[in-house]
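Everything on this sheet refers to the single structure shown next.
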Amino acid sequence: MSTDNRIAGLMQGANELWNGGSLGINIEGQNMEVGVWDGARVLQTHEALIGRVVAGEAPVSSGDPDDDDHATHVTGTIVANGPDNNAIGIAPQATAKFYNFSNDTSEMTSEASNGMLISNHSYGIPAANVNRVFLGRYGTEAAAVDNITFNAPYYLPVLSAGNSRNTGINTMDNGYDLLTGDKLSKNALIVGAAVGNPNYTGPISVPMSSFSSWGPADDGRVKPDITTKGVNMYSSYYNLGNSGYATISGTSMSAPAVSGGLILLQQYYNSLNSQYMKSATVKGLALHTVKEAGSADGPDYQFGWGLLDTEAAALAIQDDGNTSSIEELSLANSATYTKSTFSVTGGNKLTISISWTDFRSLQPFPNSDISTEDPTRPAITNDLDLVVTDGSGNTYYPWSLDPASPAAAATNIAPNNVDNYEKIEIDNASGTYTITVTHKGNLFFAPQAFSLIITGADPATFSNKEDQLDNFSIFPNPATEHFTVAFNNQLSGDKINVDIYDVLGQEVMSRSFDNNGIFEQRISTADLNSGIYLVRVGNGITASTRKLIVR
């Protein structure tokens with residue numbers, strides 16, 4: 001059994017992104033920062049952390065030395081880079097900014113608005129500490145996280161699933177239905193813990209830990225989302241001094257391993273595209289490229305979608321536009337998105353997925369409700385639907401799980417009505433395929449942004465529709481009080497979307513206009529500070545981007 005952080009990096013292939021790795025890209029977290037909310041202080045003078053950990057607030061002891069140890073151990077799993085190579089972090093050149101979790105909601109909101117991309121949260125309410133009716137239920141804690149993330153579309157919190165299995169809690173559900181509080185968030189990434197094994201040979205080669213809390217969410221959503229090594233993690237330790245290390249197990253240890261992998265993916269994507277991925281994209285990419293885990297194909301309520309594979313996700317970024325496609329799109333009310341036909345030969349596995357940051361549930365269950373147990377009312381607000389058809393007219397649907405039979409294998413025979421991540425996998429694919437994305441009901445705050453990821457297609461069969469707008473112009477530029485967007489090409493669809501991003505890649509303005517032919521719209525700069533922006537204009541399929549200077 002492996003006992004160090006280094007094995008966690010090998011297990012997810014993060015080391016292949018590092019200097020000397022097989023990808024040859026030298027991505028180790030340089031100039032990247034991860035937020036860490038935890039119970040107490042991080043030992044900033046530790047040899048593996050010195051100079052790369054900053055306090056977001058004045059460090060305060062909780063009075064329990066174990067809390068300091070926990071925070072330091074978690075942080076080391078993300079960024080440690082000291083003389084003990086067995087304790088190396090997943091992103092060994094990144095920095096960490098730590099906070100006490102007592103004011104996490106307001107601090108997360110502030111950091112997200114300032115451009116934070118990834119934060120780690122290895123804490124929560126044990127299942128033993130809540131009324132059983134709260135287990136698996138979408139409540140106000142989950143809604144609070146979804147509210148933060150919906151308003152900050154580049155910010156992704158990573159949360160530990162909890163360690164409540166085999167503790168005598170809710171035994172009638174045979175190990176299932178143990179998630180609490182914010183672990184039921186739709187938009188955060190919830191992480192389970194497996195035993196470490198760097199030599200993956202198939203699903204059974206990486207056993208589940210004995211403690212990791214299992215789902216489902218009561219409405220049937222896949223929770224936890226993803227799993228990685230969390231057993232016997234060897235990392236920096238507060239109360240053993242500046243050169244002290246210790247071995248701990250828990251989902252508190254697997255979550256930071258995922259946080260480290262995700263910040264590497266953001267760094268790599270930015271190095272190639274000069275912008276960061278939205279949180280729905282990086283989350284979707286992680287879930288899209290997992291290694292299969294569990295006893296059956298598809299997701300389950302134990303491992304989630306599978307085991308984090310940072311190397312495979314990085315390869316999808318590297319091959320974007322060739323054998324893979326990563327697109328950030330939007331869907332207007334009553335609209336349908338259709339992906340131009342692409343081809344697959346040679347019996348490859350074709351994988352298509354969509355991911356979106358959903359508005360919080362309109363009806364979260366209040367903590368005062370102690371009678372509603374296992375409610376199946378969906379937490380989803382904007383429900384998108386992914387369907388793939390082949391050249392022969394066959395239809396493929398995304399994976400779904402049944403909370404009434406939590407141990408049952410996933411099925412893919414009908415639309416998914418609960419998850420804000422949908423994934424279709426076609427083994428031995430051959431021929432041509434078309435992707436269709438629609439939605440149910442009315443979309444709140446339309447258009448709904450979503451990310452579409454495809455892997456396994458033939459090289460260069462994707463249509464590259466960027467920068468195909470005729471005579472797209474912005475004037476005046478620089479702008480002071482307003483600017484006008486104009487182009488001659490008539491796009492299909494009812495709506496034209498104008499999205500504006502700052503230099504950090506964060507969306508600061510979004511407008512949707514009726515498509516009435518030749519396009520010319522005047523937009524006020526009153527809500528924009530002086531600076532440089534990117535203006536993206538499109539209909540969800542075709543788009544172009546131009547630089548705008550505001551004075």
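How things are named: the first chain in the structure tokens is A, the next is B, and so on; residues count from 1 in each chain; ligands count from 1 in the order shown.
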Could you make a table, as a tab-separated table, of the residues of stretch 277-376 of chain A that have an atom within 9 Å of an atom of stretch 218-232 of chain A, each with its nearest atom pair and distance in Å to one decimal, counting only C-alpha atoms, in chain and number order?
```
residue	atom	partner	partner_atom	distance
A:Ala286	CA	A:Ile226	CA	8.3
A:Leu287	CA	A:Ile226	CA	7.0
A:Val290	CA	A:Ile226	CA	8.1
A:Ala293	CA	A:Thr227	CA	8.9
A:Pro299	CA	A:Val222	CA	7.1
A:Asp300	CA	A:Val222	CA	6.9
A:Tyr301	CA	A:Lys223	CA	5.9
A:Gln302	CA	A:Pro224	CA	7.0
A:Phe303	CA	A:Thr227	CA	5.4
A:Gly304	CA	A:Asp225	CA	4.4
A:Trp305	CA	A:Ile226	CA	5.5
A:Gly306	CA	A:Ile226	CA	5.4
A:Leu307	CA	A:Thr227	CA	4.9
A:Leu308	CA	A:Thr228	CA	5.9
A:Asp309	CA	A:Thr228	CA	8.9
A:Glu373	CA	A:Asp218	CA	8.5
A:Asp374	CA	A:Asp218	CA	5.1
A:Pro375	CA	A:Asp218	CA	5.8
A:Thr376	CA	A:Asp219	CA	4.2
```
Can I get the selection written as a PDB file, in the first residue's frame, with N, CA and C atoms?
```
ATOM      1  N   ALA A 286     -12.320  17.325 -16.139  1.00  0.00           N
ATOM      2  CA  ALA A 286     -11.883  16.325 -15.158  1.00  0.00           C
ATOM      3  C   ALA A 286     -12.810  15.111 -15.170  1.00  0.00           C
ATOM      4  N   LEU A 287     -14.124  15.340 -15.240  1.00  0.00           N
ATOM      5  CA  LEU A 287     -15.080  14.233 -15.232  1.00  0.00           C
ATOM      6  C   LEU A 287     -15.101  13.493 -16.566  1.00  0.00           C
ATOM      7  N   VAL A 290     -11.882  10.813 -16.782  1.00  0.00           N
ATOM      8  CA  VAL A 290     -11.568   9.932 -15.651  1.00  0.00           C
ATOM      9  C   VAL A 290     -11.199   8.528 -16.111  1.00  0.00           C
ATOM     10  N   ALA A 293     -13.866   3.425 -12.655  1.00  0.00           N
ATOM     11  CA  ALA A 293     -13.756   2.811 -11.329  1.00  0.00           C
ATOM     12  C   ALA A 293     -15.097   2.178 -10.981  1.00  0.00           C
ATOM     13  N   PRO A 299     -20.945   6.133 -14.230  1.00  0.00           N
ATOM     14  CA  PRO A 299     -20.773   6.631 -12.862  1.00  0.00           C
ATOM     15  C   PRO A 299     -21.418   5.709 -11.842  1.00  0.00           C
ATOM     16  N   ASP A 300     -21.088   5.934 -10.582  1.00  0.00           N
ATOM     17  CA  ASP A 300     -21.795   5.277  -9.480  1.00  0.00           C
ATOM     18  C   ASP A 300     -21.761   6.208  -8.286  1.00  0.00           C
ATOM     19  N   TYR A 301     -22.447   5.822  -7.221  1.00  0.00           N
ATOM     20  CA  TYR A 301     -22.539   6.675  -6.036  1.00  0.00           C
ATOM     21  C   TYR A 301     -21.399   6.432  -5.046  1.00  0.00           C
ATOM     22  N   GLN A 302     -20.408   5.641  -5.442  1.00  0.00           N
ATOM     23  CA  GLN A 302     -19.244   5.411  -4.602  1.00  0.00           C
ATOM     24  C   GLN A 302     -18.062   6.257  -5.078  1.00  0.00           C
ATOM     25  N   PHE A 303     -17.639   6.032  -6.321  1.00  0.00           N
ATOM     26  CA  PHE A 303     -16.498   6.741  -6.902  1.00  0.00           C
ATOM     27  C   PHE A 303     -16.917   7.994  -7.666  1.00  0.00           C
ATOM     28  N   GLY A 304     -18.216   8.218  -7.873  1.00  0.00           N
ATOM     29  CA  GLY A 304     -18.640   9.288  -8.768  1.00  0.00           C
ATOM     30  C   GLY A 304     -18.418   8.871 -10.209  1.00  0.00           C
ATOM     31  N   TRP A 305     -17.851   9.766 -10.993  1.00  0.00           N
ATOM     32  CA  TRP A 305     -17.610   9.457 -12.406  1.00  0.00           C
ATOM     33  C   TRP A 305     -16.364   8.620 -12.608  1.00  0.00           C
ATOM     34  N   GLY A 306     -15.488   8.542 -11.597  1.00  0.00           N
ATOM     35  CA  GLY A 306     -14.292   7.718 -11.721  1.00  0.00           C
ATOM     36  C   GLY A 306     -13.105   8.363 -11.048  1.00  0.00           C
ATOM     37  N   LEU A 307     -11.912   7.935 -11.461  1.00  0.00           N
ATOM     38  CA  LEU A 307     -10.655   8.378 -10.862  1.00  0.00           C
ATOM     39  C   LEU A 307     -10.053   9.516 -11.670  1.00  0.00           C
ATOM     40  N   LEU A 308      -9.650  10.565 -10.990  1.00  0.00           N
ATOM     41  CA  LEU A 308      -9.031  11.712 -11.660  1.00  0.00           C
ATOM     42  C   LEU A 308      -7.839  11.267 -12.494  1.00  0.00           C
ATOM     43  N   ASP A 309      -7.788  11.738 -13.742  1.00  0.00           N
ATOM     44  CA  ASP A 309      -6.674  11.439 -14.650  1.00  0.00           C
ATOM     45  C   ASP A 309      -6.200  12.764 -15.243  1.00  0.00           C
ATOM     46  N   GLU A 373     -37.716  13.370   4.311  1.00  0.00           N
ATOM     47  CA  GLU A 373     -36.549  12.501   4.159  1.00  0.00           C
ATOM     48  C   GLU A 373     -36.484  11.939   2.745  1.00  0.00           C
ATOM     49  N   ASP A 374     -35.286  11.966   2.163  1.00  0.00           N
ATOM     50  CA  ASP A 374     -35.024  11.442   0.822  1.00  0.00           C
ATOM     51  C   ASP A 374     -35.975  12.030  -0.231  1.00  0.00           C
ATOM     52  N   PRO A 375     -36.107  13.362  -0.280  1.00  0.00           N
ATOM     53  CA  PRO A 375     -36.988  13.959  -1.289  1.00  0.00           C
ATOM     54  C   PRO A 375     -36.367  13.821  -2.681  1.00  0.00           C
ATOM     55  N   THR A 376     -37.191  13.505  -3.651  1.00  0.00           N
ATOM     56  CA  THR A 376     -36.695  13.313  -5.017  1.00  0.00           C
ATOM     57  C   THR A 376     -36.866  14.559  -5.887  1.00  0.00           C
TER      58      THR A 376
END
```
As a PyMOL selection string, please: the residues near stretch 96-101 of chain A (cut-off 6 Å, only C-alpha atoms, same-chain neighbours under 6 positions excluded). chain A and resi 33-40+53-56
Dump as an mmCIF file, in the first residue's frame, selection limited to N, CA and C atoms:
```cif
data_model
loop_
_atom_site.group_PDB
_atom_site.id
_atom_site.type_symbol
_atom_site.label_atom_id
_atom_site.label_comp_id
_atom_site.auth_asym_id
_atom_site.auth_seq_id
_atom_site.Cartn_x
_atom_site.Cartn_y
_atom_site.Cartn_z
ATOM 1 N N GLU A 33 -2.241 30.170 -8.029
ATOM 2 C CA GLU A 33 -2.584 30.187 -6.609
ATOM 3 C C GLU A 33 -3.836 29.367 -6.359
ATOM 4 N N VAL A 34 -3.827 28.607 -5.280
ATOM 5 C CA VAL A 34 -4.981 27.815 -4.851
ATOM 6 C C VAL A 34 -5.420 28.320 -3.484
ATOM 7 N N GLY A 35 -6.705 28.523 -3.320
ATOM 8 C CA GLY A 35 -7.228 28.884 -2.009
ATOM 9 C C GLY A 35 -7.393 27.649 -1.136
ATOM 10 N N VAL A 36 -7.122 27.796 0.151
ATOM 11 C CA VAL A 36 -7.303 26.694 1.105
ATOM 12 C C VAL A 36 -8.084 27.227 2.301
ATOM 13 N N TRP A 37 -9.295 26.738 2.468
ATOM 14 C CA TRP A 37 -10.059 27.004 3.682
ATOM 15 C C TRP A 37 -9.990 25.774 4.571
ATOM 16 N N ASP A 38 -9.619 25.980 5.840
ATOM 17 C CA ASP A 38 -9.451 24.839 6.736
ATOM 18 C C ASP A 38 -9.690 25.293 8.161
ATOM 19 N N GLY A 39 -9.399 24.410 9.127
ATOM 20 C CA GLY A 39 -9.786 24.658 10.503
ATOM 21 C C GLY A 39 -8.880 25.559 11.306
ATOM 22 N N ALA A 40 -7.647 25.766 10.857
ATOM 23 C CA ALA A 40 -6.722 26.553 11.674
ATOM 24 C C ALA A 40 -5.553 27.038 10.812
ATOM 25 N N VAL A 53 3.315 30.091 0.814
ATOM 26 C CA VAL A 53 2.021 30.042 1.483
ATOM 27 C C VAL A 53 1.776 31.382 2.162
ATOM 28 N N VAL A 54 0.637 31.982 1.879
ATOM 29 C CA VAL A 54 0.290 33.273 2.479
ATOM 30 C C VAL A 54 -1.038 33.137 3.210
ATOM 31 N N ALA A 55 -1.204 33.942 4.245
ATOM 32 C CA ALA A 55 -2.439 33.941 5.019
ATOM 33 C C ALA A 55 -3.399 34.973 4.447
ATOM 34 N N GLY A 56 -4.622 34.548 4.173
ATOM 35 C CA GLY A 56 -5.626 35.484 3.704
ATOM 36 C C GLY A 56 -6.183 36.342 4.816
#
```
Write out as an MDAnalysis selection string the residues lying within 7 Å of A:Asp182, counting only C-alpha atoms and excluding same-chain residues fewer than 3 positions away. chainID A and resid 141:142 145 185
Which residue gives the smallest distance to A:Ser324 among A:Asp64, A:Ala94, A:Thr455, A:Phe444, with only C-alpha atoms counted? A:Thr455
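Proximity to A:Val130 was assessed for A:Leu178, A:Ile248, A:Met108, A:Ala257 counting only C-alpha atoms; the smallest distance is recorded for A:Leu178.
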DSSP helix (DSSP H, G or I) residues within stretch 37-197 of chain A, as a ChimeraX atom specification: /A:65-79,85-87,101-113,127-129,132-134,140-151,171-173,181-184
Please provide as an MDAnalysis selection string all residues within 12 Å of A:Asn273, with the sequence filter that same-chain residues fewer than 2 positions apart are discarded (counting only C-alpha atoms). chainID A and resid 266:271 275:277 317:318 320 326 504:505
Which residues come within 7 Å of stretch 201-215 of chain A, counting only C-alpha atoms, excluding same-chain residues fewer than 2 positions away, as a PyMOL selection string? chain A and resi 136+161-166+175-179+192-197+199+217+223-224+231+251+292-294+301-302
Contact check, stretch 159-216 of chain A to stretch 415-434 of chain A, at most 12 Å, counting only C-alpha atoms, closest pairs as CSV:
```
residue,atom,partner,partner_atom,distance
A:Leu184,CA,A:Asp419,CA,11.6
A:Ser185,CA,A:Asn420,CA,10.7
A:Lys186,CA,A:Asn420,CA,6.9
A:Asn187,CA,A:Asn420,CA,7.9
A:Ala188,CA,A:Asn420,CA,11.0
A:Leu189,CA,A:Tyr421,CA,11.2
A:Pro216,CA,A:Asp419,CA,11.7
```
Let me see the file: selected residues, C-alpha atoms, as a PDB file, in the first residue's frame.
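Wrote it out as again35.pdb, contents follow:
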```pdb
ATOM      1  CA  LEU A 184     -24.780  18.331  -2.196  1.00  0.00           C
ATOM      2  CA  SER A 185     -23.800  21.422  -4.195  1.00  0.00           C
ATOM      3  CA  LYS A 186     -24.441  21.135  -7.935  1.00  0.00           C
ATOM      4  CA  ASN A 187     -21.521  23.292  -9.034  1.00  0.00           C
ATOM      5  CA  ALA A 188     -18.721  22.376  -6.610  1.00  0.00           C
ATOM      6  CA  LEU A 189     -16.562  19.290  -7.197  1.00  0.00           C
ATOM      7  CA  PRO A 216     -26.485   9.639  -3.718  1.00  0.00           C
TER       8      PRO A 216
END
```
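With only C-alpha atoms as the atoms that count, the residue of A:Ala332, A:Ile148, A:Met32, A:Ala71 with the shortest distance to A:Arg52 is A:Met32.
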Identify, on the basis of only C-alpha atoms, every residue whose closest approach to A:Gln448 does not exceed 8 Å; exclude the query and any residue fewer than 4 positions from it along the same chain; express the result as JSON, numbers by chain. {"A": [330, 331, 332, 356, 382, 443, 444]}
Considering only C-alpha atoms, return as a list in words whatever protein or nucleic-acid residues lie within 8 Å of stretch 475-481 of chain A, sequence-local ones (same chain, fewer than 4 positions apart) excluded. Val485, Ser524, Thr525, Ala526, Leu548, Ile549, Val550 and Arg551 of chain A
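With only C-alpha atoms as the basis for measurement, A:Asp502 is the residue among A:Asp502, A:Glu520, A:Asp358, A:Glu328 that approaches A:Tyr533 most closely.
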Please measure the separation of atom CA of A:Arg360 and atom CA of A:Asn129, giving the value in Å to one decimal. 24.7 Å
Just asking: which residues within stretch 249-376 of chain A are strand (DSSP E) according to DSSP, as a list in words?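 Those in stretch 249-376 of chain A that DSSP calls strand (DSSP E) are Ser324, Ser325, Ile326, Glu327, Glu328, Leu329, Ser330, Leu331, Tyr337, Thr338, Lys339, Ser340, Thr341, Phe342, Ser343, Val344, Thr345, Gly346, Gly347, Asn348, Lys349, Leu350, Thr351, Ile352, Ser353, Ile354 and Ser355 of chain A.
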Top pick for closest residue to A:Leu329, considering A:Thr72, A:Ser451, A:Gln12, A:Ser400 and counting only C-alpha atoms: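 When distances to A:Leu329 are compared using only C-alpha atoms, the smallest one comes from A:Ser451.
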Which of A:Lys495, A:Gly261, A:Ser473, A:Ala404 sits closest to A:Lys283 [using only C-alpha atoms]: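 Using only C-alpha atoms, A:Lys283 sits closest to A:Gly261.
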